[in-house]
file final_31.pdb (PDB, C-alpha atoms)
MODEL        1
ATOM      1  CA  MET A   1       0.000   0.000   0.000
ATOM      2  CA  ALA A   2       1.396   3.380  -1.035
ATOM      3  CA  VAL A   3      -0.415   5.389   1.640
ATOM      4  CA  THR A   4      -1.220   4.444   5.226
ATOM      5  CA  CYS A   5      -3.674   6.696   7.050
ATOM      6  CA  ARG A   6      -4.824   7.133  10.606
ATOM      7  CA  ALA A   7      -7.511   9.552  11.709
ATOM      8  CA  GLU A   8      -8.356  10.858  15.160
ATOM      9  CA  GLY A   9     -11.362  13.142  15.054
ATOM     10  CA  ARG A  10     -10.474  15.725  12.432
ATOM     11  CA  ARG A  11      -6.762  15.042  12.607
ATOM     12  CA  LEU A  12      -5.333  13.039   9.763
ATOM     13  CA  TYR A  13      -1.968  11.322   9.710
ATOM     14  CA  ALA A  14      -0.877   9.942   6.341
ATOM     15  CA  ALA A  15       2.380   8.136   5.601
ATOM     16  CA  ILE A  16       3.518   7.729   1.992
ATOM     17  CA  GLU A  17       5.839   4.886   1.128
ATOM     18  CA  GLY A  18       8.020   3.918  -1.825
ATOM     19  CA  GLU A  19       8.631   5.911  -4.996
ATOM     20  CA  VAL A  20       6.572   9.020  -5.719
ATOM     21  CA  ASP A  21       6.808   9.507  -9.472
ATOM     22  CA  HIS A  22       4.247  10.080 -12.219
ATOM     23  CA  HIS A  23       3.697   6.303 -12.434
ATOM     24  CA  ARG A  24       2.514   6.072  -8.827
ATOM     25  CA  ALA A  25       1.186   9.592  -8.207
ATOM     26  CA  ARG A  26      -2.359   8.858  -9.373
ATOM     27  CA  GLU A  27      -2.795   6.003  -6.898
ATOM     28  CA  ILE A  28      -1.317   8.094  -4.068
ATOM     29  CA  LEU A  29      -3.492  11.112  -4.924
ATOM     30  CA  ALA A  30      -6.645   8.986  -5.112
ATOM     31  CA  GLU A  31      -6.064   7.528  -1.649
ATOM     32  CA  LEU A  32      -5.182  10.905  -0.108
ATOM     33  CA  ASP A  33      -8.238  12.516  -1.732
ATOM     34  CA  ARG A  34     -10.479   9.766  -0.378
ATOM     35  CA  GLN A  35      -9.124  10.228   3.149
ATOM     36  CA  LEU A  36      -9.366  14.026   2.962
ATOM     37  CA  GLN A  37     -13.021  13.848   1.902
ATOM     38  CA  LEU A  38     -13.735  11.316   4.636
ATOM     39  CA  VAL A  39     -12.007  13.036   7.557
ATOM     40  CA  MET A  40     -12.240  16.697   6.441
ATOM     41  CA  PRO A  41      -9.230  17.303   8.638
ATOM     42  CA  THR A  42      -8.279  20.551  10.311
ATOM     43  CA  GLN A  43      -4.810  19.148  10.897
ATOM     44  CA  VAL A  44      -2.922  16.995   8.442
ATOM     45  CA  THR A  45       0.458  15.396   9.058
ATOM     46  CA  LEU A  46       2.088  13.964   5.966
ATOM     47  CA  ASP A  47       4.929  11.601   6.818
ATOM     48  CA  LEU A  48       7.462  11.043   4.013
ATOM     49  CA  LYS A  49      10.060   8.996   5.871
ATOM     50  CA  GLY A  50       9.210   5.881   3.841
ATOM     51  CA  VAL A  51       9.664   7.676   0.502
ATOM     52  CA  THR A  52      12.579   6.176  -1.445
ATOM     53  CA  PHE A  53      12.386   8.552  -4.416
ATOM     54  CA  MET A  54      10.424  11.664  -5.318
ATOM     55  CA  ASP A  55      10.279  13.847  -8.425
ATOM     56  CA  SER A  56       8.063  16.809  -9.353
ATOM     57  CA  SER A  57       5.025  14.503  -9.236
ATOM     58  CA  GLY A  58       5.440  14.678  -5.456
ATOM     59  CA  ILE A  59       5.199  18.473  -5.600
ATOM     60  CA  ALA A  60       1.781  18.140  -7.262
ATOM     61  CA  VAL A  61       0.702  15.673  -4.550
ATOM     62  CA  LEU A  62       1.772  18.012  -1.739
ATOM     63  CA  LEU A  63       0.174  21.053  -3.376
ATOM     64  CA  ARG A  64      -3.112  19.193  -3.752
ATOM     65  CA  VAL A  65      -3.167  18.179  -0.074
ATOM     66  CA  TYR A  66      -2.160  21.728   0.901
ATOM     67  CA  ARG A  67      -4.997  23.319  -1.101
ATOM     68  CA  GLN A  68      -7.557  20.840   0.205
ATOM     69  CA  THR A  69      -6.496  21.366   3.809
ATOM     70  CA  LEU A  70      -6.515  25.129   3.362
ATOM     71  CA  ALA A  71     -10.060  24.953   2.003
ATOM     72  CA  TRP A  72     -11.167  23.742   5.460
ATOM     73  CA  ASP A  73      -8.966  26.275   7.251
ATOM     74  CA  GLY A  74      -6.763  23.399   8.280
ATOM     75  CA  ALA A  75      -3.022  23.180   8.704
ATOM     76  CA  LEU A  76      -0.563  20.882   6.953
ATOM     77  CA  ARG A  77       2.723  19.610   8.357
ATOM     78  CA  VAL A  78       5.145  17.568   6.292
ATOM     79  CA  VAL A  79       7.512  15.466   8.393
ATOM     80  CA  GLY A  80      10.257  12.860   7.969
ATOM     81  CA  VAL A  81      11.393  14.239   4.599
ATOM     82  CA  PRO A  82      14.345  12.252   3.198
ATOM     83  CA  GLU A  83      17.281  14.199   1.723
ATOM     84  CA  GLN A  84      16.497  13.475  -1.933
ATOM     85  CA  ALA A  85      12.838  14.508  -1.610
ATOM     86  CA  ASP A  86      13.824  17.572   0.428
ATOM     87  CA  LYS A  87      16.087  18.785  -2.378
ATOM     88  CA  VAL A  88      13.247  18.438  -4.899
ATOM     89  CA  LEU A  89      10.732  20.269  -2.700
ATOM     90  CA  ARG A  90      13.178  23.088  -2.002
ATOM     91  CA  ALA A  91      14.152  23.452  -5.680
ATOM     92  CA  ALA A  92      10.459  24.185  -6.236
ATOM     93  CA  GLY A  93      10.385  26.639  -3.318
ATOM     94  CA  LEU A  94       7.684  24.615  -1.542
ATOM     95  CA  GLU A  95       9.126  25.355   1.897
ATOM     96  CA  ARG A  96       7.903  28.943   1.465
ATOM     97  CA  LEU A  97       4.338  27.653   1.259
ATOM     98  CA  ILE A  98       4.237  24.479   3.269
ATOM     99  CA  ASN A  99       5.508  23.709   6.740
ATOM    100  CA  ILE A 100       8.292  21.198   6.034
ATOM    101  CA  GLU A 101       9.996  19.846   9.131
TER     102      GLU A 101
ATOM    103  CA  MET B 102      34.616  15.973 -27.753
ATOM    104  CA  LYS B 103      34.555  12.209 -28.213
ATOM    105  CA  ALA B 104      32.663  10.033 -25.753
ATOM    106  CA  ILE B 105      34.724   7.397 -23.977
ATOM    107  CA  ASN B 106      31.672   5.279 -23.244
ATOM    108  CA  GLU B 107      28.148   5.196 -24.568
ATOM    109  CA  ALA B 108      24.910   3.280 -24.022
ATOM    110  CA  VAL B 109      21.566   3.642 -25.784
ATOM    111  CA  VAL B 110      18.230   2.273 -24.594
ATOM    112  CA  THR B 111      14.862   2.576 -26.291
ATOM    113  CA  PHE B 112      11.623   1.855 -24.488
ATOM    114  CA  LEU B 113       7.877   2.385 -24.784
ATOM    115  CA  SER B 114       6.357   5.498 -23.228
ATOM    116  CA  ARG B 115       4.715   3.517 -20.432
ATOM    117  CA  SER B 116       4.860   5.128 -17.005
ATOM    118  CA  ALA B 117       6.306   1.909 -15.558
ATOM    119  CA  ASN B 118       9.472   2.714 -17.545
ATOM    120  CA  GLU B 119      10.145   5.914 -15.552
ATOM    121  CA  GLY B 120      11.760   3.823 -12.830
ATOM    122  CA  PHE B 121      13.574   1.715 -15.412
ATOM    123  CA  ALA B 122      15.057   4.803 -17.099
ATOM    124  CA  ARG B 123      16.338   6.462 -13.927
ATOM    125  CA  THR B 124      17.812   3.225 -12.582
ATOM    126  CA  THR B 125      19.524   2.584 -15.938
ATOM    127  CA  ALA B 126      21.021   6.092 -15.947
ATOM    128  CA  ALA B 127      22.194   5.649 -12.342
ATOM    129  CA  CYS B 128      23.859   2.308 -13.201
ATOM    130  CA  PHE B 129      25.684   3.865 -16.154
ATOM    131  CA  ALA B 130      26.781   6.841 -14.030
ATOM    132  CA  ALA B 131      28.137   4.501 -11.343
ATOM    133  CA  GLN B 132      31.402   4.050 -13.299
ATOM    134  CA  LEU B 133      32.244   7.696 -12.474
ATOM    135  CA  ASP B 134      32.132   6.892  -8.759
ATOM    136  CA  PRO B 135      29.540   9.583  -8.010
ATOM    137  CA  THR B 136      28.342  10.515  -4.540
ATOM    138  CA  LEU B 137      24.882   9.412  -3.448
ATOM    139  CA  GLU B 138      23.702  12.998  -3.898
ATOM    140  CA  GLU B 139      25.015  13.102  -7.476
ATOM    141  CA  ILE B 140      23.292   9.786  -8.247
ATOM    142  CA  ASN B 141      20.026  11.102  -6.803
ATOM    143  CA  ASP B 142      20.294  14.327  -8.830
ATOM    144  CA  ILE B 143      20.772  12.302 -12.022
ATOM    145  CA  LYS B 144      17.848   9.993 -11.212
ATOM    146  CA  THR B 145      15.602  12.957 -10.477
ATOM    147  CA  ALA B 146      16.477  14.805 -13.700
ATOM    148  CA  VAL B 147      16.014  11.651 -15.816
ATOM    149  CA  SER B 148      12.667  11.017 -14.169
ATOM    150  CA  GLU B 149      11.498  14.513 -15.163
ATOM    151  CA  GLY B 150      12.742  14.172 -18.747
ATOM    152  CA  VAL B 151      11.174  10.758 -19.306
ATOM    153  CA  THR B 152       7.897  11.756 -17.624
ATOM    154  CA  ASN B 153       7.650  14.694 -20.062
ATOM    155  CA  CYS B 154       7.806  12.230 -22.988
ATOM    156  CA  ILE B 155       5.162   9.993 -21.423
ATOM    157  CA  VAL B 156       2.744  12.766 -20.452
ATOM    158  CA  HIS B 157       3.282  15.327 -23.221
ATOM    159  CA  ALA B 158       5.064  13.842 -26.260
ATOM    160  CA  TYR B 159       2.617  10.967 -26.641
ATOM    161  CA  PRO B 160      -0.589  12.258 -25.002
ATOM    162  CA  ASP B 161      -2.915   9.616 -26.421
ATOM    163  CA  ARG B 162      -0.759   6.829 -27.728
ATOM    164  CA  LEU B 163       2.337   4.880 -26.808
ATOM    165  CA  GLY B 164       5.522   5.821 -28.601
ATOM    166  CA  LEU B 165       9.230   5.180 -28.335
ATOM    167  CA  VAL B 166      11.580   7.052 -26.036
ATOM    168  CA  THR B 167      15.324   6.799 -26.621
ATOM    169  CA  MET B 168      17.796   7.578 -23.871
ATOM    170  CA  ARG B 169      21.434   7.945 -24.875
ATOM    171  CA  LEU B 170      24.007   8.006 -22.095
ATOM    172  CA  ARG B 171      27.510   9.261 -22.846
ATOM    173  CA  LEU B 172      30.557   9.720 -20.717
ATOM    174  CA  PHE B 173      33.397  12.099 -21.496
ATOM    175  CA  GLY B 174      37.031  12.155 -20.374
ATOM    176  CA  ASP B 175      36.517  15.202 -18.147
ATOM    177  CA  ASN B 176      34.049  13.207 -15.977
ATOM    178  CA  THR B 177      30.993  14.690 -17.655
ATOM    179  CA  LEU B 178      27.888  12.569 -18.014
ATOM    180  CA  GLU B 179      25.542  13.457 -20.850
ATOM    181  CA  ILE B 180      22.009  12.121 -21.046
ATOM    182  CA  GLN B 181      19.878  12.704 -24.096
ATOM    183  CA  ILE B 182      16.169  11.846 -23.905
ATOM    184  CA  LYS B 183      14.488  11.833 -27.286
ATOM    185  CA  ASP B 184      10.985  11.171 -28.561
ATOM    186  CA  LYS B 185       9.138  11.321 -31.867
ATOM    187  CA  GLY B 186       6.019  12.814 -30.347
ATOM    188  CA  VAL B 187       3.996  15.991 -30.791
ATOM    189  CA  GLY B 188       6.832  18.412 -30.026
ATOM    190  CA  ILE B 189       6.731  21.625 -28.010
ATOM    191  CA  PRO B 190       5.393  24.706 -29.846
ATOM    192  CA  ASP B 191       6.979  27.177 -27.398
ATOM    193  CA  VAL B 192      10.011  25.809 -25.561
ATOM    194  CA  GLU B 193      10.618  28.984 -23.576
ATOM    195  CA  GLN B 194       7.083  28.870 -22.187
ATOM    196  CA  ALA B 195       7.337  25.138 -21.435
ATOM    197  CA  ARG B 196      10.502  25.739 -19.383
ATOM    198  CA  ARG B 197       8.842  28.396 -17.225
ATOM    199  CA  PRO B 198       8.238  27.350 -13.576
ATOM    200  CA  MET B 199       4.646  26.344 -12.810
ATOM    201  CA  TYR B 200       3.722  26.220 -16.496
ATOM    202  CA  THR B 201       1.964  22.986 -17.373
ATOM    203  CA  THR B 202      -0.605  21.660 -19.796
ATOM    204  CA  GLY B 203      -0.801  18.486 -17.717
ATOM    205  CA  GLY B 204      -3.609  19.500 -15.351
ATOM    206  CA  GLU B 205      -3.784  19.162 -11.568
ATOM    207  CA  GLU B 206      -1.679  16.015 -11.447
ATOM    208  CA  ARG B 207       1.370  17.875 -12.749
ATOM    209  CA  SER B 208       3.219  20.672 -10.975
ATOM    210  CA  GLY B 209       4.859  22.365 -13.963
ATOM    211  CA  MET B 210       8.206  22.106 -12.191
ATOM    212  CA  GLY B 211       9.857  19.426 -14.364
ATOM    213  CA  PHE B 212      12.206  21.708 -16.293
ATOM    214  CA  THR B 213      12.955  23.762 -13.172
ATOM    215  CA  ILE B 214      14.064  20.585 -11.377
ATOM    216  CA  MET B 215      16.185  19.496 -14.361
ATOM    217  CA  GLU B 216      17.793  22.952 -14.495
ATOM    218  CA  SER B 217      18.602  23.079 -10.812
ATOM    219  CA  PHE B 218      19.993  19.511 -10.679
ATOM    220  CA  MET B 219      22.045  19.521 -13.899
ATOM    221  CA  ASP B 220      24.825  21.776 -15.212
ATOM    222  CA  LEU B 221      23.159  22.107 -18.614
ATOM    223  CA  VAL B 222      19.668  21.514 -20.004
ATOM    224  CA  LYS B 223      19.228  21.884 -23.743
ATOM    225  CA  VAL B 224      15.882  21.462 -25.488
ATOM    226  CA  ARG B 225      15.395  20.973 -29.213
ATOM    227  CA  SER B 226      11.871  20.490 -30.421
ATOM    228  CA  THR B 227       9.992  20.473 -33.710
ATOM    229  CA  PRO B 228       6.187  20.437 -33.527
ATOM    230  CA  GLY B 229       4.894  17.229 -35.079
ATOM    231  CA  LYS B 230       8.358  15.656 -35.169
ATOM    232  CA  GLY B 231       9.517  15.323 -31.599
ATOM    233  CA  THR B 232      11.747  16.619 -28.849
ATOM    234  CA  ALA B 233      15.292  15.989 -27.662
ATOM    235  CA  VAL B 234      16.353  17.062 -24.179
ATOM    236  CA  THR B 235      20.067  16.984 -23.437
ATOM    237  CA  LEU B 236      21.231  17.006 -19.826
ATOM    238  CA  ARG B 237      24.838  17.363 -18.759
ATOM    239  CA  ARG B 238      26.393  16.980 -15.341
ATOM    240  CA  LYS B 239      30.044  16.965 -14.368
ATOM    241  CA  ILE B 240      30.744  14.429 -11.659
ATOM    242  CA  SER B 241      33.278  15.575  -9.068
ATOM    243  CA  ARG B 242      36.495  13.596  -8.784
ATOM    244  CA  ARG B 243      36.850  12.441  -5.244
ATOM    245  CA  VAL B 244      39.993  13.196  -3.311
ATOM    246  CA  GLY B 245      42.018  10.014  -2.985
ATOM    247  CA  GLY B 246      39.895   8.342  -5.640
ATOM    248  CA  ALA B 247      41.385   6.312  -8.492
TER     249      ALA B 247
ENDMDL
END
call {"tool": "encode", "arguments": {"input": "final_31.pdb", "output": "structure tokens"}}
result
Amino acid sequence: MAVTCRAEGRRLYAAIEGEVDHHRAREILAELDRQLQLVMPTQVTLDLKGVTFMDSSGIAVLLRVYRQTLAWDGALRVVGVPEQADKVLRAAGLERLINIE
Amino acid sequence: MKAINEAVVTFLSRSANEGFARTTAACFAAQLDPTLEEINDIKTAVSEGVTNCIVHAYPDRLGLVTMRLRLFGDNTLEIQIKDKGVGIPDVEQARRPMYTTGGEERSGMGFTIMESFMDLVKVRSTPGKGTAVTLRRKISRRVGGA
């Protein structure tokens, strides 16, 4: 499973695992979308520590979750970012928009 | 400049081949004894280049993507990713950050990532004929290395 989710009230924790490229992004987005609609979270924690590779497809995934969360006045935290993924997110300037820890 | 080593692979524009292409490029680059960061940069740039072919060059059919890997005596790795797809009408616009025709699933950051991870990104495209993206990256020689 690419995404593992846990919800407590309107808090959503989602961990993404494996490679996040165009090939797998659709499946990851579909699962995250489903969870977001279900939980309507005010606080989302996205855990990337299990991500073994990420390209710009991951930026689209993060932006989608960010916009969705913002629509409910929620907050997004991205944690456990591996070095390779971190470099990609920063090259896109995502740390100016999203709380990346 | 003459290449001292060269490898060419051709594959179908199936998204499953994104992983194949970046792993192949990383294996070829391994002979330069790159750092893990250099390997990751190469994999990331190749992933962007190949994804462009899959998403944009062949929007509604499968086509062939050719990746040519070349190595030069000054420790430069050159990767050319070529397709015979629809081509890019305006390359300058396509290279602009956040520009995409790929919808919500794409971020429009592919070229930006390639540019920030490689020393050189060259794009040649003819509408209706195809696109060739050339990436170059000089791999540092490690102190005490052979």
call {"tool": "residues_around", "arguments": {"input": "final_31.pdb", "residues": "region 48-55 of chain A", "least_positions_apart": "2", "cutoff": "9 Å", "atoms": "all atoms listed in the file", "output": "mmCIF file with C-alpha atoms, in the frame of the given file"}}
result
data_model
loop_
_atom_site.group_PDB
_atom_site.id
_atom_site.type_symbol
_atom_site.label_atom_id
_atom_site.label_comp_id
_atom_site.auth_asym_id
_atom_site.auth_seq_id
_atom_site.Cartn_x
_atom_site.Cartn_y
_atom_site.Cartn_z
ATOM 1 C CA ALA A 14 -0.877 9.942 6.341
ATOM 2 C CA ALA A 15 2.380 8.136 5.601
ATOM 3 C CA ILE A 16 3.518 7.729 1.992
ATOM 4 C CA GLU A 17 5.839 4.886 1.128
ATOM 5 C CA GLY A 18 8.020 3.918 -1.825
ATOM 6 C CA GLU A 19 8.631 5.911 -4.996
ATOM 7 C CA VAL A 20 6.572 9.020 -5.719
ATOM 8 C CA ASP A 21 6.808 9.507 -9.472
ATOM 9 C CA HIS A 22 4.247 10.080 -12.219
ATOM 10 C CA LEU A 46 2.088 13.964 5.966
ATOM 11 C CA SER A 57 5.025 14.503 -9.236
ATOM 12 C CA GLY A 58 5.440 14.678 -5.456
ATOM 13 C CA ILE A 59 5.199 18.473 -5.600
ATOM 14 C CA VAL A 78 5.145 17.568 6.292
ATOM 15 C CA VAL A 79 7.512 15.466 8.393
ATOM 16 C CA GLY A 80 10.257 12.860 7.969
ATOM 17 C CA VAL A 81 11.393 14.239 4.599
ATOM 18 C CA PRO A 82 14.345 12.252 3.198
ATOM 19 C CA GLN A 84 16.497 13.475 -1.933
ATOM 20 C CA ALA A 85 12.838 14.508 -1.610
ATOM 21 C CA ASP A 86 13.824 17.572 0.428
ATOM 22 C CA VAL A 88 13.247 18.438 -4.899
ATOM 23 C CA LEU A 89 10.732 20.269 -2.700
ATOM 24 C CA ASN B 141 20.026 11.102 -6.803
ATOM 25 C CA LYS B 144 17.848 9.993 -11.212
ATOM 26 C CA THR B 145 15.602 12.957 -10.477
ATOM 27 C CA ALA B 146 16.477 14.805 -13.700
ATOM 28 C CA SER B 148 12.667 11.017 -14.169
ATOM 29 C CA GLU B 149 11.498 14.513 -15.163
ATOM 30 C CA GLY B 211 9.857 19.426 -14.364
ATOM 31 C CA ILE B 214 14.064 20.585 -11.377
#
call {"tool": "closest_atom_pairs", "arguments": {"input": "final_31.pdb", "of": "chain A", "to": "chain B", "cutoff": "6 Å", "atoms": "only C-alpha atoms", "output": "CSV"}}
result
residue,atom,partner,partner_atom,distance
A:His23,CA,B:Ser116,CA,4.9
A:Asp55,CA,B:Thr145,CA,5.8
A:Ser56,CA,B:Gly211,CA,5.9
A:Ala60,CA,B:Ser208,CA,4.7
call {"tool": "resolve_selection", "arguments": {"input": "final_31.pdb", "expression": "the PyMOL selection byres ((chain B and resi 228) around 12)", "output": "PyMOL selection string"}}
result
chain B and resi 157-158+184-192+225-227+229-233
call {"tool": "resolve_selection", "arguments": {"input": "final_31.pdb", "expression": "the PyMOL selection byres ((chain A and resi 26-33) around 7)", "output": "list in words"}}
result
Ala2, Val3, Arg24, Ala25, Arg34, Gln35, Leu36, Gln37 and Val61 of chain A
call {"tool": "atom_distance", "arguments": {"input": "final_31.pdb", "atom1": "CA of Ala7 (chain A)", "atom2": "CA of Arg90 (chain A)"}}
result
28.3 Å
